[in-house]
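Colleague: Take a look at data_17.txt, compact mmCIF, C-alpha atoms:
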# COMPACT_ATOMS: atom_id res chain seq x y z
CA MET M 1246 -24.15 41.08 -29.00
CA GLN M 1247 -22.68 37.60 -29.36
CA LYS M 1248 -23.34 35.24 -26.48
CA LYS M 1249 -20.40 33.70 -24.66
CA TYR M 1250 -20.30 30.50 -22.59
CA GLY M 1251 -17.07 29.90 -20.76
CA HIS M 1252 -14.34 30.44 -23.36
CA LEU M 1253 -16.72 29.98 -26.31
CA ILE M 1254 -18.43 32.72 -28.37
CA ILE M 1255 -21.41 31.62 -30.48
CA LEU M 1256 -20.90 32.46 -34.16
CA ASP M 1257 -23.76 30.56 -35.75
CA GLU M 1258 -26.60 28.13 -34.98
CA LEU M 1259 -27.31 25.02 -37.06
CA ILE M 1260 -29.14 21.69 -37.00
CA GLN M 1261 -27.10 18.55 -37.50
CA ASN M 1262 -28.69 15.08 -37.52
CA GLY M 1263 -31.73 16.53 -35.79
CA TYR M 1264 -29.73 18.15 -32.98
CA LYS M 1265 -29.27 21.86 -32.40
CA MET M 1266 -25.60 22.80 -32.46
CA TYR M 1267 -23.54 25.97 -32.31
CA HIS M 1268 -20.56 27.01 -34.34
CA CYS M 1269 -18.31 28.63 -31.74
CA LEU M 1270 -15.03 30.50 -31.52
CA CYS M 1271 -12.79 29.68 -28.55
CA ASP M 1272 -10.63 32.25 -26.75
CA CYS M 1273 -7.59 30.32 -27.95
CA GLY M 1274 -8.58 31.04 -31.57
CA GLN M 1275 -9.86 27.60 -32.50
CA GLU M 1276 -13.36 27.08 -33.95
CA THR M 1277 -15.50 24.17 -32.85
CA LEU M 1278 -19.02 22.70 -33.03
CA VAL M 1279 -20.85 22.19 -29.71
CA TYR M 1280 -24.19 20.60 -28.89
CA HIS M 1281 -26.75 23.09 -27.53
CA SER M 1282 -27.32 21.03 -24.35
CA ASN M 1283 -23.60 20.76 -23.59
CA LEU M 1284 -23.03 24.47 -24.09
CA VAL M 1285 -25.91 25.86 -21.99
CA SER M 1286 -25.39 23.28 -19.21
CA GLY M 1287 -21.73 24.24 -18.85
CA ARG M 1288 -20.43 20.76 -19.70
CA THR M 1289 -18.44 22.22 -22.59
CA LYS M 1290 -16.57 25.45 -21.90
CA SER M 1291 -13.81 25.42 -24.51
CA CYS M 1292 -12.67 23.76 -27.71
CA GLY M 1293 -10.70 21.36 -25.57
CA CYS M 1294 -7.69 23.52 -24.93
CA GLY M 1295 -8.74 23.84 -21.30
CA ASN M 1296 -8.38 20.07 -20.84
CA VAL M 1297 -4.88 20.20 -22.27
CA LYS M 1298 -3.92 22.96 -19.82
CA ASN M 1299 -5.41 21.05 -16.89
CA ARG M 1300 -3.42 17.94 -17.78
CA HIS M 1301 -0.27 19.93 -17.11
CA LYS M 1302 -1.43 21.09 -13.68
CA TYR M 1303 -0.07 19.10 -10.76
CA LYS M 1304 1.07 19.48 -7.18
CA ASP M 1305 4.80 20.13 -7.13
CA LEU M 1306 6.56 17.38 -5.17
CA SER M 1307 10.07 18.44 -6.23
CA ASN M 1308 12.72 17.69 -3.58
CA LYS M 1309 10.14 16.24 -1.19
CA LYS M 1310 11.10 12.98 0.48
CA TYR M 1311 8.81 9.99 0.89
CA GLY M 1312 10.48 7.28 2.93
CA GLU M 1313 13.76 6.60 1.12
CA LEU M 1314 12.57 8.27 -2.09
CA LEU M 1315 13.33 11.84 -3.16
CA ALA M 1316 10.96 13.20 -5.84
CA LEU M 1317 13.11 14.71 -8.59
CA THR M 1318 11.10 15.68 -11.66
CA PRO M 1319 7.58 15.07 -13.05
CA THR M 1320 7.20 13.01 -16.24
CA GLU M 1321 4.60 13.07 -19.00
CA LYS M 1322 3.25 9.75 -17.72
CA ARG M 1323 0.07 9.50 -15.65
CA SER M 1324 -1.10 6.76 -13.30
CA GLU M 1325 -4.26 6.59 -11.18
CA GLY M 1326 -5.11 10.12 -12.36
CA THR M 1327 -1.88 11.63 -10.99
CA VAL M 1328 1.54 12.61 -12.31
CA VAL M 1329 4.26 9.95 -12.38
CA TRP M 1330 7.46 11.27 -10.80
CA LYS M 1331 11.05 10.33 -11.37
CA CYS M 1332 12.46 9.57 -7.90
CA GLN M 1333 15.85 8.74 -6.48
CA CYS M 1334 16.18 6.20 -3.69
CA SER M 1335 18.69 6.67 -0.88
CA CYS M 1336 20.50 3.59 -2.19
CA GLY M 1337 21.18 5.42 -5.49
CA ASN M 1338 18.60 3.73 -7.73
CA GLU M 1339 16.06 5.77 -9.70
CA ILE M 1340 12.44 4.67 -10.16
CA LEU M 1341 9.11 6.05 -11.41
CA ALA M 1342 6.26 6.41 -8.91
CA SER M 1343 2.85 8.09 -9.09
CA ALA M 1344 2.14 11.06 -6.83
CA LYS M 1345 -0.79 9.14 -5.37
CA ARG M 1346 1.33 6.20 -4.21
CA LEU M 1347 4.05 8.50 -2.88
CA GLN M 1348 1.67 10.68 -0.87
CA ARG M 1349 -0.23 7.70 0.53
CA GLY M 1350 3.00 6.02 1.63
CA GLU M 1351 2.31 2.96 -0.53
CA ILE M 1352 5.82 3.11 -1.98
CA ARG M 1353 8.77 4.16 0.15
CA SER M 1354 11.82 2.82 -1.68
CA CYS M 1355 13.01 1.31 -4.95
CA GLY M 1356 12.53 -2.07 -3.33
CA CYS M 1357 15.77 -2.07 -1.38
CA LEU M 1358 13.96 -1.75 1.97
CA LYS M 1359 12.22 -5.04 1.38
CA GLU M 1360 15.51 -6.58 0.30
CA LYS M 1361 17.26 -5.30 3.44
CA GLN M 1362 14.47 -6.79 5.55
CA PHE M 1363 15.40 -10.29 4.42
CA HIS M 1364 19.14 -9.91 5.08
CA ILE M 1365 19.43 -11.32 8.59
CA GLU M 1366 23.03 -12.59 8.61
CA THR M 1367 24.52 -12.67 12.15
CA GLN M 1368 21.19 -11.74 13.76
CA ILE M 1369 20.07 -13.68 16.83
CA PHE M 1370 16.60 -15.16 17.28
CA GLY M 1371 16.16 -16.82 20.65
CA LYS M 1372 19.04 -19.31 20.94
CA LEU M 1373 19.75 -19.22 17.18
CA THR M 1374 22.47 -17.17 15.48
CA VAL M 1375 21.90 -16.83 11.72
CA ILE M 1376 24.84 -17.89 9.54
CA GLU M 1377 23.87 -17.91 5.84
CA PRO M 1378 20.92 -18.36 3.44
CA LEU M 1379 20.42 -21.62 1.59
CA ASN M 1380 18.76 -19.92 -1.41
CA LYS M 1381 19.79 -17.06 -3.69
CA LYS M 1382 16.32 -15.52 -3.60
CA LEU M 1383 15.58 -13.97 -0.22
CA ASP M 1384 11.96 -13.94 0.92
CA TRP M 1385 9.67 -15.30 3.65
CA LYS M 1386 10.28 -18.90 2.62
CA THR M 1387 14.07 -18.71 2.46
CA LYS M 1388 15.78 -21.31 4.65
CA TRP M 1389 18.71 -20.07 6.74
CA ARG M 1390 21.51 -22.10 8.30
CA CYS M 1391 21.65 -21.25 11.99
CA LYS M 1392 23.76 -22.24 14.96
CA CYS M 1393 22.03 -22.91 18.24
CA SER M 1394 23.62 -21.88 21.53
CA CYS M 1395 23.75 -25.59 22.39
CA GLY M 1396 26.19 -26.06 19.48
CA GLN M 1397 23.86 -27.73 16.98
CA LEU M 1398 23.35 -26.49 13.40
CA CYS M 1399 19.84 -26.31 11.94
CA GLU M 1400 17.90 -24.88 8.99
CA VAL M 1401 15.02 -22.49 9.66
CA SER M 1402 12.85 -20.37 7.35
CA TYR M 1403 12.88 -16.58 7.60
CA GLY M 1404 9.17 -16.63 8.44
CA ASN M 1405 9.63 -18.92 11.43
CA LEU M 1406 12.61 -16.92 12.71
CA SER M 1407 11.02 -13.47 12.39
CA SER M 1408 7.70 -14.57 13.91
CA GLY M 1409 9.42 -16.20 16.88
CA HIS M 1410 7.92 -19.58 15.99
CA THR M 1411 11.38 -21.23 16.03
CA LYS M 1412 13.85 -20.18 18.72
CA SER M 1413 16.20 -23.14 18.91
CA CYS M 1414 17.37 -26.26 17.11
CA GLY M 1415 14.75 -28.12 19.09
CA CYS M 1416 16.57 -28.30 22.40
CA LEU M 1417 14.07 -25.89 23.96
CA LYS M 1418 11.20 -28.33 23.42
CA GLY M 1419 12.25 -30.28 26.45
CA VAL M 1420 12.06 -27.19 28.63
CA GLU M 1421 8.94 -25.52 27.23
CA SER M 1422 7.58 -23.21 29.89
CA ARG M 1423 4.82 -21.53 27.94
CA THR M 1424 1.11 -22.19 28.48
CA CYS M 1425 -0.49 -24.20 25.66
CA VAL M 1426 -4.29 -24.46 25.53
CA LYS M 1427 -5.83 -26.51 22.70
CA GLY M 1428 -2.96 -25.69 20.37
CA THR M 1429 -2.76 -22.01 21.34
CA ILE M 1430 0.28 -20.59 23.16
CA VAL M 1431 -1.22 -18.05 25.55
CA GLU M 1432 2.00 -16.01 25.71
CA CYS M 1433 1.93 -15.59 21.90
CA LEU M 1434 -1.38 -13.75 22.16
CA LYS M 1435 0.52 -10.88 23.76
CA ALA M 1436 3.37 -10.92 21.22
CA LYS M 1437 4.78 -7.59 20.07
CA LEU M 1438 4.14 -6.10 16.64
CA ALA M 1439 6.19 -7.83 13.94
CA LYS M 1440 9.05 -5.79 12.45
CA ASN M 1441 7.67 -6.21 8.92
CA ASN M 1442 4.23 -4.83 9.86
CA THR M 1443 3.55 -1.62 7.88
CA SER M 1444 0.14 -0.69 9.31
CA GLY M 1445 1.18 -0.32 12.93
CA VAL M 1446 -1.68 -2.63 13.94
CA LYS M 1447 -1.40 -6.39 14.50
CA GLY M 1448 -3.46 -8.38 12.02
CA VAL M 1449 -3.95 -5.47 9.58
CA TYR M 1450 -2.23 -5.06 6.23
CA ARG M 1451 -2.59 -3.04 3.01
CA CYS M 1452 -3.95 -4.71 -0.14
CA ARG M 1453 -5.10 -3.01 -3.37
CA GLY M 1454 -5.66 0.32 -1.67
CA MET M 1455 -7.72 -1.17 1.17
CA TRP M 1456 -6.93 -2.17 4.76
CA VAL M 1457 -7.47 -5.89 5.40
CA ALA M 1458 -8.06 -7.17 8.94
CA TYR M 1459 -7.69 -10.77 10.12
CA ILE M 1460 -6.97 -12.77 13.25
CA THR M 1461 -5.46 -16.23 13.71
CA PHE M 1462 -6.70 -18.38 16.57
CA ARG M 1463 -6.04 -22.07 17.23
CA GLY M 1464 -4.46 -22.50 13.82
CA LYS M 1465 -7.37 -20.97 11.90
CA ARG M 1466 -7.26 -17.57 10.20
CA HIS M 1467 -10.46 -15.53 10.52
CA TYR M 1468 -11.03 -12.88 7.82
CA LEU M 1469 -12.46 -9.70 9.38
CA GLY M 1470 -13.11 -7.60 6.26
CA MET M 1471 -11.62 -4.87 4.05
CA TYR M 1472 -11.86 -1.20 5.04
CA ASP M 1473 -11.13 2.20 3.50
CA ASP M 1474 -9.86 3.60 6.81
CA LEU M 1475 -7.11 2.09 8.93
CA SER M 1476 -9.06 3.00 12.09
CA GLU M 1477 -11.99 0.83 10.98
CA ALA M 1478 -9.73 -2.14 10.30
CA ALA M 1479 -8.01 -1.64 13.68
CA LEU M 1480 -11.41 -1.59 15.42
CA ALA M 1481 -12.42 -4.85 13.72
CA ARG M 1482 -9.16 -6.44 14.87
CA LYS M 1483 -9.67 -5.15 18.45
CA ARG M 1484 -13.17 -6.61 18.61
CA ALA M 1485 -11.86 -9.96 17.36
CA GLU M 1486 -9.10 -9.94 20.01
CA ASP M 1487 -11.74 -9.29 22.69
CA LYS M 1488 -13.74 -12.22 21.35
CA TYR M 1489 -10.98 -14.79 20.86
CA PHE M 1490 -7.98 -13.73 22.97
CA LEU M 1491 -9.42 -11.98 26.02
CA PRO M 1492 -11.10 -15.02 27.64
CA LEU M 1493 -7.82 -16.99 27.57
CA LEU M 1494 -5.74 -14.04 28.73
CA LYS M 1495 -8.06 -13.45 31.68
CA GLN M 1496 -8.05 -17.15 32.57
CA PHE M 1497 -4.25 -17.44 32.58
CA SER M 1498 -3.25 -13.95 33.66
CA SER M 1499 -0.64 -13.97 36.38
Take the structure from the file and write it as structure tokens.
Modeller:
Amino acid sequence: MQKKYGHLIILDELIQNGYKMYHCLCDCGQETLVYHSNLVSGRTKSCGCGNVKNRHKYKDLSNKKYGELLALTPTEKRSEGTVVWKCQCSCGNEILASAKRLQRGEIRSCGCLKEKQFHIETQIFGKLTVIEPLNKKLDWKTKWRCKCSCGQLCEVSYGNLSSGHTKSCGCLKGVESRTCVKGTIVECLKAKLAKNNTSGVKGVYRCRGMWVAYITFRGKRHYLGMYDDLSEAALARKRAEDKYFLPLLKQFSS
């Protein structure tokens, strides 16, 4: 009786370059040569046709929505070991995205969400009403022409507006009521989560598949490490807040 390993039936035994090999017939009808060690250990179970079949196996994401993206159809492309899907964004654009990035929430639009984030025309930040951008490219560094409630015009970057760093043309400087200790505004330590934060935790952001934690205190950024889990990064940030922020908050709590 012929021995069978996986999908392979041994037809003949031979020695090739000093190694024992088997001439085998696969269930698919193809013949192949297999090393003895690979066959008996189970490392080789077919002529290779099994690998081809497995490449076509994937989790069906059809019609599932990820953020603003609707997964339409799988493609023949692969990325990060997963199927690349053709997706349609709610804005109408179509893009390609890997199943891994979709399921992890690393990509949620064709890019239009980020673009919308930087369109702040008519929005109000403190005493400033945004009028128009001074650059065609919209990003964190873009300067915007604003009108202060006092009547003065000024130019402020998106970063300074969104972070709350700049709230007027400068007229508020004469009536600053916040508590400043060695360059640190105590009230800023209790600031709310920024709108552009995607982790849900202050001082934590996503980079190259990892969660990066940091904290800024008295003008210096302290790197707190990179973590696989968001909870670990959040814990590192919390410990840093207890170390740097808590003493000042306790001292100047009302």
Colleague: Given all atoms listed in the file as the basis, pick out the residue of M:Leu1259, M:His1281, M:Leu1383, M:Ala1458 nearest to M:Lys1361.
Modeller: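 Using all atoms listed in the file, M:Lys1361 sits closest to M:Leu1383.
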Colleague: Compare M:Ala1485, M:Glu1351, M:Gly1371, M:Cys1416 by their minimum atom-to-atom distance to M:Arg1451, counting all atoms listed in the file, and give me the closest one.
Modeller: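 Smallest separation from M:Arg1451 among the options: M:Glu1351.
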Colleague: Rounded to one decimal, what separation in Å do you get between atom CA of M:Ala1316 and atom CA of M:His1364?
Modeller: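 Separation between atom CA of M:Ala1316 and atom CA of M:His1364: 26.8 Å.
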Colleague: Would you kindly return, as a PyMOL selection string, each protein, DNA or RNA residue with an atom no farther than 10 Å from any atom of M:Ala1481, considering all atoms listed in the file and excluding same-chain residues fewer than 4 positions away?
Modeller: chain M and resi 1448-1449+1457-1460+1469-1472+1475-1477+1485-1486
Colleague: Which residue gives the smallest distance to M:Val1279 among M:His1252, M:Lys1381, M:Lys1265, M:Arg1463, with only C-alpha atoms counted?
Modeller: M:Lys1265
Colleague: Quick one: everything within 9 Å of M:Val1329, counting all atoms listed in the file, minus sequence neighbours fewer than 4 positions away in the same chain. Send it as a count of residues only.
Modeller: 12
Colleague: Find the distance between atom CA of M:Arg1349 and atom CA of M:Gly1454 and write it in Å to one decimal.
Modeller: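 Pair atom CA of M:Arg1349 / atom CA of M:Gly1454 returns 9.4 Å.
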Colleague: Please report the interatomic distance between atom CA of M:Arg1484 and atom CA of M:Lys1447 in Å with one decimal.
Modeller: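 Between atom CA of M:Arg1484 and atom CA of M:Lys1447 the gap is 12.5 Å.
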Colleague: Would you mind telling me which residue in M:Cys1271, M:Ile1340, M:Cys1332, M:Gly1404 lies nearest to M:Ile1365 when using only C-alpha atoms?
Modeller: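 So, comparing all the options, the nearest one is M:Gly1404.
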Colleague: Determine the nearest neighbour of M:Leu1494 from the options M:Thr1411, M:Thr1429, M:Thr1461, M:Asn1380, counting all atoms listed in the file.
Modeller: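 Using all atoms listed in the file, M:Leu1494 sits closest to M:Thr1429.
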Colleague: Between M:Ile1369, M:Leu1315, M:Leu1256, M:Arg1390, which residue has the minimum interatomic distance to M:Cys1355, considering only C-alpha atoms?
Modeller: M:Leu1315
